[in-house]
>>> print(open('structure_31.txt').read())   # compact mmCIF, C-alpha atoms
# COMPACT_ATOMS: atom_id res chain seq x y z
CA MET A 198 -84.81 -75.35 76.86
CA ASN A 199 -82.13 -73.18 75.37
CA LYS A 200 -78.98 -72.52 77.36
CA GLY A 201 -75.51 -71.23 76.59
CA ASN A 202 -72.56 -73.35 75.54
CA THR A 203 -71.02 -73.35 79.02
CA TYR A 204 -74.17 -74.91 80.47
CA ILE A 205 -74.28 -77.57 77.74
CA PHE A 206 -70.61 -78.36 78.25
CA ILE A 207 -70.86 -78.71 82.02
CA TYR A 208 -74.10 -80.66 81.70
CA SER A 209 -72.55 -83.26 79.40
CA VAL A 210 -69.39 -83.61 81.49
CA VAL A 211 -71.33 -84.15 84.71
CA MET A 212 -73.72 -86.57 83.02
CA VAL A 213 -70.92 -88.66 81.56
CA ILE A 214 -69.04 -88.80 84.86
CA ILE A 215 -72.13 -89.93 86.78
CA VAL A 216 -72.99 -92.57 84.18
CA ALA A 217 -69.41 -93.85 84.11
CA ALA A 218 -69.33 -94.13 87.89
CA VAL A 219 -72.62 -96.03 88.01
CA LEU A 220 -71.62 -98.44 85.27
CA SER A 221 -68.17 -99.22 86.60
CA THR A 222 -69.56 -99.86 90.08
CA ALA A 223 -72.15 -102.24 88.63
CA ALA A 224 -69.53 -104.02 86.53
CA MET A 225 -67.28 -104.47 89.54
CA LEU A 226 -70.07 -105.80 91.75
CA LEU A 227 -71.34 -108.25 89.15
CA LYS A 228 -67.97 -109.49 87.92
CA PRO A 229 -67.61 -112.38 90.42
CA TYR A 230 -71.02 -113.78 89.42
CA GLN A 231 -70.24 -113.49 85.72
CA ASP A 232 -66.83 -115.12 86.09
CA LYS A 233 -68.41 -117.97 87.99
CA ASN A 234 -70.94 -118.54 85.19
CA ILE A 235 -68.17 -118.64 82.60
CA MET A 236 -66.13 -121.05 84.70
CA ILE A 237 -69.08 -123.39 85.29
CA GLU A 238 -69.85 -123.36 81.60
CA LYS A 239 -66.27 -124.32 80.78
CA LYS A 240 -66.35 -127.17 83.28
CA LEU A 241 -69.72 -128.26 81.92
CA ASN A 242 -68.30 -128.40 78.40
CA ILE A 243 -65.29 -130.39 79.54
CA LEU A 244 -67.47 -132.87 81.41
CA SER A 245 -70.06 -133.28 78.66
CA SER A 246 -67.38 -134.31 76.18
CA VAL A 247 -66.76 -137.41 78.24
CA MET A 248 -70.02 -138.15 80.05
CA ASP A 249 -72.88 -139.84 78.19
CA GLU A 250 -75.52 -137.75 79.91
CA LYS A 251 -75.02 -134.02 79.99
CA PRO A 252 -74.57 -133.18 83.69
CA GLU A 253 -76.91 -130.81 85.54
CA LYS A 254 -75.57 -127.34 86.06
CA LYS A 255 -75.75 -127.55 89.85
CA ASP A 256 -73.69 -130.75 89.91
CA VAL A 257 -70.93 -129.45 87.67
CA GLU A 258 -68.64 -128.12 90.37
CA MET A 259 -68.85 -131.32 92.40
CA LEU A 260 -68.42 -133.67 89.42
CA TYR A 261 -65.50 -131.70 88.06
CA LYS A 262 -63.71 -131.69 91.39
CA GLU A 263 -64.31 -135.40 91.83
CA ARG A 264 -63.58 -136.75 88.38
CA VAL A 265 -61.16 -134.42 86.64
CA THR A 266 -58.23 -135.64 88.62
CA GLU A 267 -55.39 -134.00 86.79
CA SER A 268 -54.82 -131.19 84.36
CA PHE A 269 -51.60 -129.88 82.89
CA ALA A 270 -50.24 -128.11 79.84
CA ILE A 271 -47.85 -129.58 77.29
CA ASN A 272 -45.93 -128.20 74.33
CA ASN A 273 -46.12 -129.62 70.83
CA LYS A 274 -43.18 -131.96 71.48
CA GLY A 275 -45.23 -133.63 74.19
CA GLU A 276 -43.23 -132.30 77.14
CA ILE A 277 -45.14 -131.17 80.20
CA LEU A 278 -44.81 -127.45 80.89
CA GLU A 279 -44.36 -126.59 84.54
CA GLY A 280 -46.20 -123.81 86.30
CA ILE A 281 -49.14 -123.44 83.94
CA ASP A 282 -52.71 -124.01 85.08
CA ALA A 283 -54.38 -125.83 82.19
CA PHE A 284 -57.81 -124.50 83.13
CA ASP A 285 -56.67 -120.90 82.71
CA VAL A 286 -54.96 -121.38 79.35
CA ASP A 287 -56.65 -119.29 76.66
CA LEU A 288 -56.44 -121.62 73.67
CA LYS A 289 -57.47 -118.87 71.26
CA LYS A 290 -54.33 -116.91 72.15
CA GLU A 291 -52.18 -120.04 72.07
CA MET A 292 -53.36 -120.93 68.57
CA ARG A 293 -52.14 -117.57 67.30
CA LYS A 294 -48.61 -118.37 68.43
CA SER A 295 -46.24 -120.51 66.41
CA PRO A 296 -46.69 -124.25 67.07
CA GLU A 297 -43.49 -124.52 69.14
CA GLU A 298 -44.55 -121.83 71.60
CA ARG A 299 -48.05 -123.10 72.32
CA ALA A 300 -49.11 -124.29 75.75
CA LEU A 301 -51.67 -127.03 75.15
CA PRO A 302 -54.06 -127.95 77.96
CA VAL A 303 -54.80 -131.59 78.82
CA PHE A 304 -57.46 -132.73 81.29
CA ILE A 305 -57.53 -136.23 82.76
CA TYR A 306 -60.92 -137.64 83.68
CA SER A 307 -61.05 -140.72 85.87
CA TYR A 308 -64.21 -142.45 86.93
CA GLN A 309 -64.91 -146.06 87.88
CA GLY A 310 -61.49 -147.23 86.77
CA ASN A 311 -61.70 -145.64 83.33
CA THR A 312 -59.35 -142.87 82.41
CA ASN A 313 -60.04 -140.48 79.59
CA LEU A 314 -57.97 -137.67 78.27
CA ILE A 315 -59.70 -134.46 77.24
CA VAL A 316 -58.26 -131.80 74.96
CA PRO A 317 -59.83 -128.49 73.95
CA VAL A 318 -60.29 -127.39 70.33
CA ILE A 319 -61.11 -123.96 68.92
CA GLY A 320 -61.59 -122.62 65.42
CA LYS A 321 -63.43 -120.26 63.14
CA GLY A 322 -66.96 -121.13 62.02
CA LEU A 323 -68.95 -119.39 59.33
CA TRP A 324 -70.07 -116.39 61.40
CA GLY A 325 -68.01 -116.59 64.56
CA PRO A 326 -65.87 -118.82 66.73
CA ILE A 327 -66.63 -122.50 67.24
CA TRP A 328 -65.04 -124.52 70.01
CA GLY A 329 -65.33 -127.70 71.95
CA TYR A 330 -63.66 -130.53 73.82
CA VAL A 331 -62.64 -133.96 72.53
CA SER A 332 -62.14 -136.84 74.92
CA PHE A 333 -60.02 -139.87 74.06
CA GLU A 334 -59.89 -143.45 75.27
CA ASN A 335 -56.83 -144.84 76.98
CA ASP A 336 -55.26 -145.77 73.64
CA PHE A 337 -54.78 -142.06 72.78
CA ASN A 338 -56.41 -142.73 69.43
CA THR A 339 -60.09 -143.61 69.79
CA ILE A 340 -62.49 -140.74 70.44
CA HIS A 341 -64.62 -141.30 73.52
CA GLY A 342 -66.90 -138.35 73.02
CA VAL A 343 -67.04 -134.72 71.93
CA SER A 344 -68.83 -131.56 72.90
CA PHE A 345 -68.96 -128.70 70.44
CA ASP A 346 -70.44 -125.25 70.74
CA HIS A 347 -70.59 -122.12 68.66
CA LYS A 348 -71.21 -118.41 69.04
CA SER A 349 -73.36 -117.51 66.08
CA GLU A 350 -73.72 -120.27 63.49
CA THR A 351 -76.97 -120.35 61.48
CA PRO A 352 -79.81 -121.90 63.53
CA GLY A 353 -80.97 -125.19 62.05
CA LEU A 354 -77.88 -125.43 59.82
CA GLY A 355 -74.37 -124.81 61.19
CA ALA A 356 -75.74 -124.44 64.71
CA GLU A 357 -76.51 -128.17 64.66
CA ILE A 358 -72.89 -128.91 65.60
CA ASN A 359 -73.86 -128.80 69.28
CA THR A 360 -76.69 -131.34 68.93
CA GLN A 361 -76.53 -135.00 69.91
CA TRP A 362 -77.17 -136.40 66.43
CA PHE A 363 -74.10 -134.61 65.13
CA MET A 364 -71.81 -135.25 68.10
CA SER A 365 -72.60 -138.84 68.99
CA PRO A 366 -71.20 -140.42 65.75
CA PHE A 367 -67.75 -139.16 66.76
CA LYS A 368 -67.67 -141.78 69.50
CA GLY A 369 -65.43 -144.68 68.53
CA LYS A 370 -63.75 -142.93 65.60
CA LYS A 371 -59.97 -142.94 65.44
CA ILE A 372 -57.60 -140.08 64.68
CA PHE A 373 -54.63 -142.20 63.56
CA ASP A 374 -54.85 -144.69 60.70
CA GLU A 375 -53.44 -148.21 60.88
CA SER A 376 -49.94 -147.13 59.99
CA GLY A 377 -50.05 -144.57 62.81
CA LYS A 378 -50.39 -141.56 60.56
CA PHE A 379 -52.48 -138.63 61.85
CA VAL A 380 -55.60 -138.43 59.68
CA SER A 381 -58.07 -136.72 62.06
CA ILE A 382 -61.80 -136.99 61.42
CA THR A 383 -63.38 -135.94 58.14
CA VAL A 384 -66.86 -134.41 58.17
CA VAL A 385 -68.38 -135.77 54.97
CA LYS A 386 -71.08 -133.99 53.00
CA GLY A 387 -73.82 -136.32 51.86
CA GLY A 388 -73.21 -139.10 54.34
CA ALA A 389 -70.12 -140.78 55.71
CA ASP A 390 -69.04 -144.32 54.85
CA PRO A 391 -70.47 -146.29 57.80
CA ASN A 392 -67.41 -148.56 57.88
CA SER A 393 -64.90 -145.75 57.98
CA LEU A 394 -63.20 -145.06 61.28
CA HIS A 395 -62.28 -141.54 60.24
CA GLN A 396 -65.53 -140.07 58.85
CA VAL A 397 -68.73 -138.62 60.31
CA ASP A 398 -71.86 -137.22 58.63
CA GLY A 399 -71.82 -133.54 57.76
CA ILE A 400 -74.77 -131.18 58.11
CA SER A 401 -76.92 -130.61 55.02
CA GLY A 402 -76.87 -126.90 54.33
CA GLY A 403 -74.14 -126.40 56.92
CA THR A 404 -71.15 -127.32 54.78
CA ILE A 405 -69.03 -124.31 55.67
CA THR A 406 -69.45 -124.93 59.39
CA SER A 407 -68.83 -128.67 58.87
CA LYS A 408 -65.61 -127.97 57.03
CA ALA A 409 -64.58 -125.37 59.62
CA LEU A 410 -65.10 -127.96 62.32
CA GLU A 411 -62.98 -130.45 60.40
CA LYS A 412 -60.21 -127.88 60.07
CA MET A 413 -60.48 -127.03 63.77
CA LEU A 414 -59.98 -130.69 64.72
CA ILE A 415 -56.92 -131.02 62.49
CA ASP A 416 -55.34 -127.72 63.56
CA CYS A 417 -55.76 -128.28 67.27
CA ILE A 418 -55.25 -132.02 67.63
CA VAL A 419 -52.16 -132.17 65.42
CA SER A 420 -50.27 -130.27 68.11
CA TYR A 421 -50.94 -133.14 70.49
CA GLU A 422 -49.66 -135.75 68.03
CA SER A 423 -46.25 -136.28 69.57
CA TYR A 424 -47.67 -136.35 73.10
CA PHE A 425 -50.20 -139.03 72.13
CA LYS A 426 -47.54 -141.08 70.38
CA SER A 427 -45.12 -140.83 73.27
CA GLN A 428 -47.81 -141.98 75.69
CA ASN A 429 -48.86 -144.88 73.51
CA LYS A 430 -45.62 -146.80 73.11
CA MET B 261 -105.02 -86.31 90.39
CA SER B 262 -104.88 -89.85 91.65
CA LEU B 263 -102.08 -92.17 90.59
CA PHE B 264 -104.41 -94.51 88.75
CA SER B 265 -106.82 -92.02 87.24
CA SER B 266 -108.53 -92.98 84.00
CA LYS B 267 -106.12 -90.75 82.10
CA ASN B 268 -103.14 -92.59 83.53
CA MET B 269 -104.65 -96.00 82.95
CA LYS B 270 -105.19 -95.06 79.33
CA LEU B 271 -101.39 -94.62 79.05
CA LEU B 272 -100.99 -98.20 80.16
CA ARG B 273 -103.79 -99.68 78.08
CA ASP B 274 -103.48 -97.92 74.75
CA PRO B 275 -100.13 -99.41 73.68
CA LEU B 276 -101.58 -102.87 74.19
CA GLY B 277 -104.29 -102.19 71.63
CA ASP B 278 -104.85 -99.34 69.23
CA SER B 279 -101.43 -97.74 69.51
CA ASN B 280 -99.35 -100.88 69.81
CA PRO B 281 -95.73 -100.05 69.00
CA ILE B 282 -95.19 -103.12 66.81
CA THR B 283 -98.46 -103.83 65.06
CA VAL B 284 -99.73 -100.26 64.65
CA GLN B 285 -96.65 -98.03 64.69
CA VAL B 286 -94.44 -100.78 63.24
CA LEU B 287 -91.45 -99.90 65.43
CA GLY B 288 -88.95 -102.26 66.99
CA ILE B 289 -89.49 -104.87 64.31
CA CYS B 290 -85.81 -105.84 64.08
CA SER B 291 -85.53 -107.35 67.54
CA ALA B 292 -89.05 -108.77 67.29
CA LEU B 293 -87.84 -110.90 64.39
CA ALA B 294 -84.58 -111.94 65.96
CA VAL B 295 -85.45 -113.16 69.43
CA THR B 296 -88.78 -114.88 68.85
CA ALA B 297 -87.68 -118.35 67.76
CA LYS B 298 -88.17 -119.58 71.34
CA LEU B 299 -90.46 -118.40 74.13
CA GLU B 300 -87.89 -118.00 76.89
CA PRO B 301 -85.58 -115.46 75.20
CA ALA B 302 -88.65 -113.55 74.03
CA VAL B 303 -89.91 -113.21 77.59
CA VAL B 304 -86.50 -112.15 78.91
CA MET B 305 -86.18 -109.66 76.06
CA ALA B 306 -89.63 -108.24 76.88
CA ILE B 307 -88.71 -107.84 80.55
CA SER B 308 -85.36 -106.24 79.66
CA VAL B 309 -87.01 -103.77 77.31
CA MET B 310 -89.59 -102.99 79.97
CA ALA B 311 -86.90 -102.23 82.55
CA VAL B 312 -84.94 -100.02 80.17
CA MET B 313 -88.02 -98.24 78.86
CA ALA B 314 -89.62 -97.55 82.25
CA PHE B 315 -86.44 -96.24 83.86
CA SER B 316 -85.24 -94.20 80.91
CA ASN B 317 -88.68 -92.61 80.67
CA VAL B 318 -88.61 -91.73 84.37
CA LEU B 319 -85.04 -90.41 84.26
CA ILE B 320 -85.62 -88.28 81.18
CA SER B 321 -88.86 -87.01 82.62
CA MET B 322 -87.12 -85.98 85.84
CA LEU B 323 -84.38 -84.25 83.88
CA ARG B 324 -86.74 -82.75 81.30
CA ASN B 325 -86.40 -79.19 82.56
CA THR B 326 -82.61 -79.30 82.68
CA VAL B 327 -81.80 -81.08 79.41
CA PRO B 328 -80.38 -78.56 76.92
CA ASN B 329 -82.45 -78.72 73.77
CA ARG B 330 -79.47 -78.90 71.45
CA ILE B 331 -78.04 -82.07 72.95
CA ARG B 332 -81.23 -83.78 74.08
CA ILE B 333 -80.84 -86.74 71.71
CA ILE B 334 -77.34 -87.33 73.04
CA VAL B 335 -78.59 -87.18 76.63
CA GLN B 336 -81.34 -89.67 75.79
CA LEU B 337 -78.87 -92.01 74.14
CA VAL B 338 -76.44 -91.89 77.06
CA ILE B 339 -79.21 -92.76 79.51
CA ILE B 340 -80.60 -95.56 77.35
CA ALA B 341 -77.12 -96.96 76.71
CA ALA B 342 -76.24 -96.89 80.41
CA LEU B 343 -79.43 -98.74 81.34
CA VAL B 344 -78.95 -101.31 78.58
CA ILE B 345 -75.41 -102.04 79.72
CA LEU B 346 -76.70 -102.47 83.26
CA VAL B 347 -79.39 -104.91 82.08
CA ASP B 348 -76.84 -106.80 80.01
CA GLN B 349 -74.48 -107.13 82.97
CA VAL B 350 -77.27 -108.32 85.25
CA LEU B 351 -78.39 -110.93 82.70
CA LYS B 352 -74.82 -112.17 82.33
CA ALA B 353 -74.52 -112.53 86.07
CA PHE B 354 -77.83 -114.19 86.88
CA VAL B 355 -79.34 -115.80 83.75
CA TYR B 356 -76.21 -116.66 81.81
CA ASP B 357 -77.81 -119.16 79.41
CA VAL B 358 -80.50 -116.76 78.30
CA SER B 359 -78.03 -113.93 77.95
CA LYS B 360 -75.99 -116.15 75.63
CA GLN B 361 -79.06 -116.78 73.47
CA LEU B 362 -79.98 -113.11 73.33
CA SER B 363 -76.32 -112.26 72.71
CA VAL B 364 -76.10 -109.08 70.71
CA PHE B 365 -79.80 -108.23 70.87
CA VAL B 366 -79.66 -106.99 74.44
CA GLY B 367 -77.08 -104.46 73.31
CA LEU B 368 -79.30 -103.57 70.39
CA ILE B 369 -82.09 -102.45 72.75
CA ILE B 370 -80.14 -99.17 72.59
CA THR B 371 -81.21 -98.75 68.99
CA ASN B 372 -84.79 -99.92 69.59
CA CYS B 373 -86.78 -97.13 68.02
CA ILE B 374 -89.68 -97.54 70.46
CA ILE B 375 -87.56 -96.34 73.37
CA MET B 376 -86.22 -93.19 71.78
CA GLY B 377 -89.62 -92.59 70.27
CA ARG B 378 -91.31 -92.59 73.68
CA LEU B 379 -88.60 -90.40 75.21
CA GLU B 380 -88.99 -87.80 72.49
CA ALA B 381 -92.75 -87.99 72.23
CA PHE B 382 -93.74 -88.43 75.85
CA ALA B 383 -91.14 -88.26 78.60
CA LEU B 384 -89.71 -84.89 77.55
CA GLY B 385 -93.10 -83.27 78.08
CA ASN B 386 -94.64 -85.14 80.99
CA LYS B 387 -94.18 -85.75 84.71
CA PRO B 388 -92.27 -88.85 85.92
CA TRP B 389 -95.25 -90.95 87.00
CA PRO B 390 -97.21 -90.76 83.73
CA SER B 391 -93.91 -91.30 81.91
CA PHE B 392 -93.29 -94.42 83.94
CA LEU B 393 -96.74 -95.77 83.06
CA ASP B 394 -96.21 -94.86 79.43
CA GLY B 395 -92.93 -96.77 79.43
CA ILE B 396 -94.45 -99.83 81.07
CA GLY B 397 -97.43 -99.71 78.71
CA ASN B 398 -95.38 -99.46 75.55
CA ALA B 399 -92.94 -102.12 76.67
CA ALA B 400 -95.86 -104.39 77.50
CA GLY B 401 -97.36 -103.74 74.08
CA TYR B 402 -94.02 -104.67 72.54
CA GLY B 403 -93.57 -107.66 74.82
CA ILE B 404 -97.00 -109.13 74.26
CA ILE B 405 -96.47 -109.25 70.51
CA LEU B 406 -93.04 -110.80 71.05
CA ILE B 407 -94.54 -113.48 73.25
CA ILE B 408 -97.41 -114.26 70.86
CA VAL B 409 -95.02 -114.55 67.93
CA ALA B 410 -92.56 -116.64 69.93
CA PHE B 411 -95.34 -118.96 71.11
CA PHE B 412 -96.39 -119.84 67.56
CA ARG B 413 -92.85 -120.03 66.21
CA GLU B 414 -91.70 -122.35 68.97
CA LEU B 415 -94.86 -124.47 68.79
CA LEU B 416 -94.83 -124.96 65.02
CA GLY B 417 -91.06 -124.74 64.49
CA SER B 418 -89.76 -126.94 67.29
CA GLY B 419 -92.94 -128.61 68.59
CA THR B 420 -92.30 -127.27 72.10
CA VAL B 421 -93.67 -124.59 74.42
CA TRP B 422 -91.10 -123.17 76.87
CA GLY B 423 -88.93 -126.18 76.09
CA MET B 424 -91.66 -128.74 76.86
CA GLU B 425 -92.62 -131.18 74.15
CA VAL B 426 -96.34 -130.77 73.41
CA PHE B 427 -96.69 -132.88 70.27
CA GLY B 428 -94.89 -135.90 71.71
CA HIS B 429 -91.26 -136.90 71.62
CA LYS B 430 -89.45 -136.90 68.31
CA SER B 431 -86.48 -139.02 67.45
CA ALA B 432 -84.53 -139.65 64.28
CA ASP B 433 -86.23 -143.03 63.95
CA VAL B 434 -90.01 -142.70 63.36
CA ALA B 435 -90.67 -145.95 65.22
CA GLU B 436 -89.23 -144.50 68.42
CA SER B 437 -91.21 -141.26 68.24
CA THR B 438 -94.37 -140.74 70.22
CA GLY B 439 -97.49 -138.61 69.84
CA LEU B 440 -97.99 -136.74 66.58
CA TYR B 441 -94.49 -137.57 65.42
CA SER B 442 -95.27 -141.30 65.32
CA VAL B 443 -97.85 -140.71 62.57
CA GLY B 444 -95.41 -138.73 60.45
CA TYR B 445 -95.85 -135.13 61.66
CA VAL B 446 -92.79 -133.02 60.96
CA ASP B 447 -91.88 -129.65 62.50
CA ASN B 448 -91.93 -126.73 60.10
CA GLY B 449 -88.29 -125.66 60.01
CA LEU B 450 -89.23 -122.46 58.20
CA MET B 451 -90.86 -121.15 61.39
CA ILE B 452 -87.41 -121.00 63.03
CA LEU B 453 -86.09 -118.60 60.41
CA PRO B 454 -86.62 -114.82 60.75
CA PRO B 455 -88.90 -114.37 57.68
CA MET B 456 -91.66 -116.34 59.37
CA ALA B 457 -91.61 -113.90 62.30
CA LEU B 458 -92.39 -111.14 59.84
CA ILE B 459 -95.26 -113.15 58.40
CA THR B 460 -96.56 -113.97 61.89
CA VAL B 461 -96.46 -110.28 62.82
CA GLY B 462 -98.32 -109.60 59.54
CA ILE B 463 -101.05 -112.04 60.51
CA ILE B 464 -101.38 -110.41 63.94
CA ILE B 465 -101.72 -106.99 62.26
CA TRP B 466 -104.36 -108.43 59.95
CA VAL B 467 -106.36 -109.88 62.84
CA GLN B 468 -106.07 -106.67 64.84
CA ARG B 469 -107.19 -104.47 61.95
CA SER B 470 -110.16 -106.61 61.09
CA ARG B 471 -111.31 -106.39 64.72
CA SER B 472 -110.75 -102.70 65.32
CA LYS B 473 -112.16 -100.69 62.42
CA ASN B 474 -110.77 -97.31 63.50
CA LEU B 475 -107.25 -98.47 62.58
CA ILE B 476 -108.16 -98.72 58.91
CA GLU B 477 -107.15 -95.70 56.84
CA SER B 478 -110.00 -94.04 54.96
CA ASN B 479 -108.40 -93.86 51.51
>>> encode(input="structure_31.txt", output="structure tokens")
Amino acid sequence: MNKGNTYIFIYSVVMVIIVAAVLSTAAMLLKPYQDKNIMIEKKLNILSSVMDEKPEKKDVEMLYKERVTESFAINNKGEILEGIDAFDVDLKKEMRKSPEERALPVFIYSYQGNTNLIVPVIGKGLWGPIWGYVSFENDFNTIHGVSFDHKSETPGLGAEINTQWFMSPFKGKKIFDESGKFVSITVVKGGADPNSLHQVDGISGGTITSKALEKMLIDCIVSYESYFKSQNK
Amino acid sequence: MSLFSSKNMKLLRDPLGDSNPITVQVLGICSALAVTAKLEPAVVMAISVMAVMAFSNVLISMLRNTVPNRIRIIVQLVIIAALVILVDQVLKAFVYDVSKQLSVFVGLIITNCIIMGRLEAFALGNKPWPSFLDGIGNAAGYGIILIIVAFFRELLGSGTVWGMEVFGHKSADVAESTGLYSVGYVDNGLMILPPMALITVGIIIWVQRSRSKNLIESN
């Protein structure tokens, strides 16, 4: 139908206001559910870096409460920062700051007498962010397990970083060499040396993601170096 | 006129067959390629499109006598966009894992040509109830192709159906595999990649055309 400009103008204004009201109400009502999903996912990622079997979603809350006994944030000199909840630290924002200003989260997992320390890592993959958690043994050197995830890496290639065959070889690798120098873990194209304590197999066809993951491990874990060393005297 | 008269039922049935939005009108191909690597996201995508399509058709049909002609495309877009955002928020709240897999494609329902096509071609000129049926019908026609494609891609590409292993368990070591994998069967990794969705859709079009002769152009 054809109407004058006034009608069209009022029509669009009213329409936009109604739509905006509906959408913001829906967003407000659904926000608690969405936040809960994000929180459970984060806890699930933390737990799966240290547990051999990936926990069930419904058990996550209980397991996390029971086994993650302590969490705190440190700075890159290894001093504990007071008044910061490690779970709420946004590592992406922290990594943009200069190394001295970063608050670095640490999670302590204790179960059946074993204590593991879990640190988050985040970096840039080929198409989008990649992130994960790395858990360490009591010696602050040996990797106990990892869990990686990604937003939009290529399926079948870079996206393989969150599969068991890629993640399980990290177990038992060490981030410091014999002289105590930080060497991190190298993701090797074409097969890692099976005797090396610092190499894992890369993904054929996923070299850029593999290298990005390697860089992510170096960038994030190096900030923890002095904390690990101070704990391991 | 009864609610389920033969004329109304035709609105529901036609898009499943001779006027299927994907295989006959070749609309909405982009999302059909992207979300069909696994069955579960394909089903959720089909349901989401159905919700958006049915409600936007009804809303536009109810407003059809008030929408100013000069801004009707904008009005359609605002309504589609609002519904898509609603669907996206609901998915994030209640089926978080699936919404992560669908990621950007839920948002891209906004640009799904089938929806705007039906609003322009049908809802603007018809009463709400037929428009509702038309929306459901077209979304079902879209969804059924999505599900067929996803079934074959998941079966041949990952050896699973809805996440269940149908060809036996595969492991990196052949000796530990069971079923077909123990005799050396390997999944076809190409099926996971988008080009194979296009080829699968092509095969469906081929089958459909060879069965229904009135789809074949005369020249």
>>> interface_residues(input="structure_31.txt", of="chain A", to="chain B", cutoff="9 Å", atoms="only C-alpha atoms", output="tab-separated table (two decimals) with C-alpha atoms, keeping the file's coordinate frame")
chain	number	residue	atom	x	y	z
A	198	MET	CA	-84.81	-75.35	76.86
A	199	ASN	CA	-82.13	-73.18	75.37
A	200	LYS	CA	-78.98	-72.52	77.36
A	201	GLY	CA	-75.51	-71.23	76.59
A	204	TYR	CA	-74.17	-74.91	80.47
A	205	ILE	CA	-74.28	-77.57	77.74
A	208	TYR	CA	-74.10	-80.66	81.70
A	209	SER	CA	-72.55	-83.26	79.40
A	212	MET	CA	-73.72	-86.57	83.02
A	213	VAL	CA	-70.92	-88.66	81.56
A	216	VAL	CA	-72.99	-92.57	84.18
A	217	ALA	CA	-69.41	-93.85	84.11
A	219	VAL	CA	-72.62	-96.03	88.01
A	220	LEU	CA	-71.62	-98.44	85.27
A	223	ALA	CA	-72.15	-102.24	88.63
A	224	ALA	CA	-69.53	-104.02	86.53
A	227	LEU	CA	-71.34	-108.25	89.15
A	228	LYS	CA	-67.97	-109.49	87.92
A	229	PRO	CA	-67.61	-112.38	90.42
A	230	TYR	CA	-71.02	-113.78	89.42
A	231	GLN	CA	-70.24	-113.49	85.72
A	232	ASP	CA	-66.83	-115.12	86.09
A	233	LYS	CA	-68.41	-117.97	87.99
A	234	ASN	CA	-70.94	-118.54	85.19
A	235	ILE	CA	-68.17	-118.64	82.60
A	348	LYS	CA	-71.21	-118.41	69.04
A	349	SER	CA	-73.36	-117.51	66.08
A	352	PRO	CA	-79.81	-121.90	63.53
A	353	GLY	CA	-80.97	-125.19	62.05
A	362	TRP	CA	-77.17	-136.40	66.43
>>> residues_around(input="structure_31.txt", residues="B:Asp348", least_positions_apart="4", cutoff="8 Å", atoms="all atoms listed in the file", output="number ranges by chain")
B: 344, 352, 359, 366-367
>>> closest_atom_pairs(input="structure_31.txt", of="stretch 280-353 of chain B", to="stretch 407-418 of chain B", cutoff="10 Å", atoms="only C-alpha atoms", output="Markdown table")
| residue | atom | partner | partner_atom | distance |
| --- | --- | --- | --- | --- |
| B:Ala292 | CA | B:Val409 | CA | 8.3 |
| B:Leu293 | CA | B:Val409 | CA | 8.8 |
| B:Val295 | CA | B:Ala410 | CA | 7.9 |
| B:Thr296 | CA | B:Ala410 | CA | 4.3 |
| B:Ala297 | CA | B:Ala410 | CA | 5.6 |
| B:Lys298 | CA | B:Glu414 | CA | 5.1 |
| B:Leu299 | CA | B:Ala410 | CA | 5.0 |
| B:Glu300 | CA | B:Ala410 | CA | 8.5 |
| B:Pro301 | CA | B:Ala410 | CA | 8.8 |
| B:Ala302 | CA | B:Ile407 | CA | 5.9 |
| B:Val303 | CA | B:Ile407 | CA | 6.4 |
| B:Val304 | CA | B:Ile407 | CA | 9.9 |
| B:Met305 | CA | B:Ile407 | CA | 9.6 |
| B:Ala306 | CA | B:Ile407 | CA | 8.0 |
>>> write_last_selection(input="structure_31.txt", atoms="C-alpha atoms", output="PDB file, in the frame of the given file")
ATOM      1  CA  ALA B 292     -89.050-108.770  67.290  1.00  0.00           C
ATOM      2  CA  LEU B 293     -87.840-110.900  64.390  1.00  0.00           C
ATOM      3  CA  VAL B 295     -85.450-113.160  69.430  1.00  0.00           C
ATOM      4  CA  THR B 296     -88.780-114.880  68.850  1.00  0.00           C
ATOM      5  CA  ALA B 297     -87.680-118.350  67.760  1.00  0.00           C
ATOM      6  CA  LYS B 298     -88.170-119.580  71.340  1.00  0.00           C
ATOM      7  CA  LEU B 299     -90.460-118.400  74.130  1.00  0.00           C
ATOM      8  CA  GLU B 300     -87.890-118.000  76.890  1.00  0.00           C
ATOM      9  CA  PRO B 301     -85.580-115.460  75.200  1.00  0.00           C
ATOM     10  CA  ALA B 302     -88.650-113.550  74.030  1.00  0.00           C
ATOM     11  CA  VAL B 303     -89.910-113.210  77.590  1.00  0.00           C
ATOM     12  CA  VAL B 304     -86.500-112.150  78.910  1.00  0.00           C
ATOM     13  CA  MET B 305     -86.180-109.660  76.060  1.00  0.00           C
ATOM     14  CA  ALA B 306     -89.630-108.240  76.880  1.00  0.00           C
TER      15      ALA B 306
END
>>> atom_distance(input="structure_31.txt", atom1="atom CA of A:Asp256", atom2="atom CA of A:Gly342")
19.7 Å
>>> residues_around(input="structure_31.txt", residues="A:Ile327", least_positions_apart="4", cutoff="8 Å", atoms="only C-alpha atoms", output="list in words")
Ile319, Gly320, Lys321, Gly322, Phe345, Asp346, His347, Lys348 and Leu410 of chain A
>>> atom_distance(input="structure_31.txt", atom1="atom CA of A:Phe269", atom2="atom CA of A:Val286")
9.8 Å
>>> closest_residue(input="structure_31.txt", among="A:Ser295, A:Asn392, A:Asn273, A:Gln361", to="A:Val343", atoms="only C-alpha atoms")
A:Gln361
>>> atom_distance(input="structure_31.txt", atom1="atom CA of A:Pro366", atom2="atom CA of A:Ile315")
17.3 Å
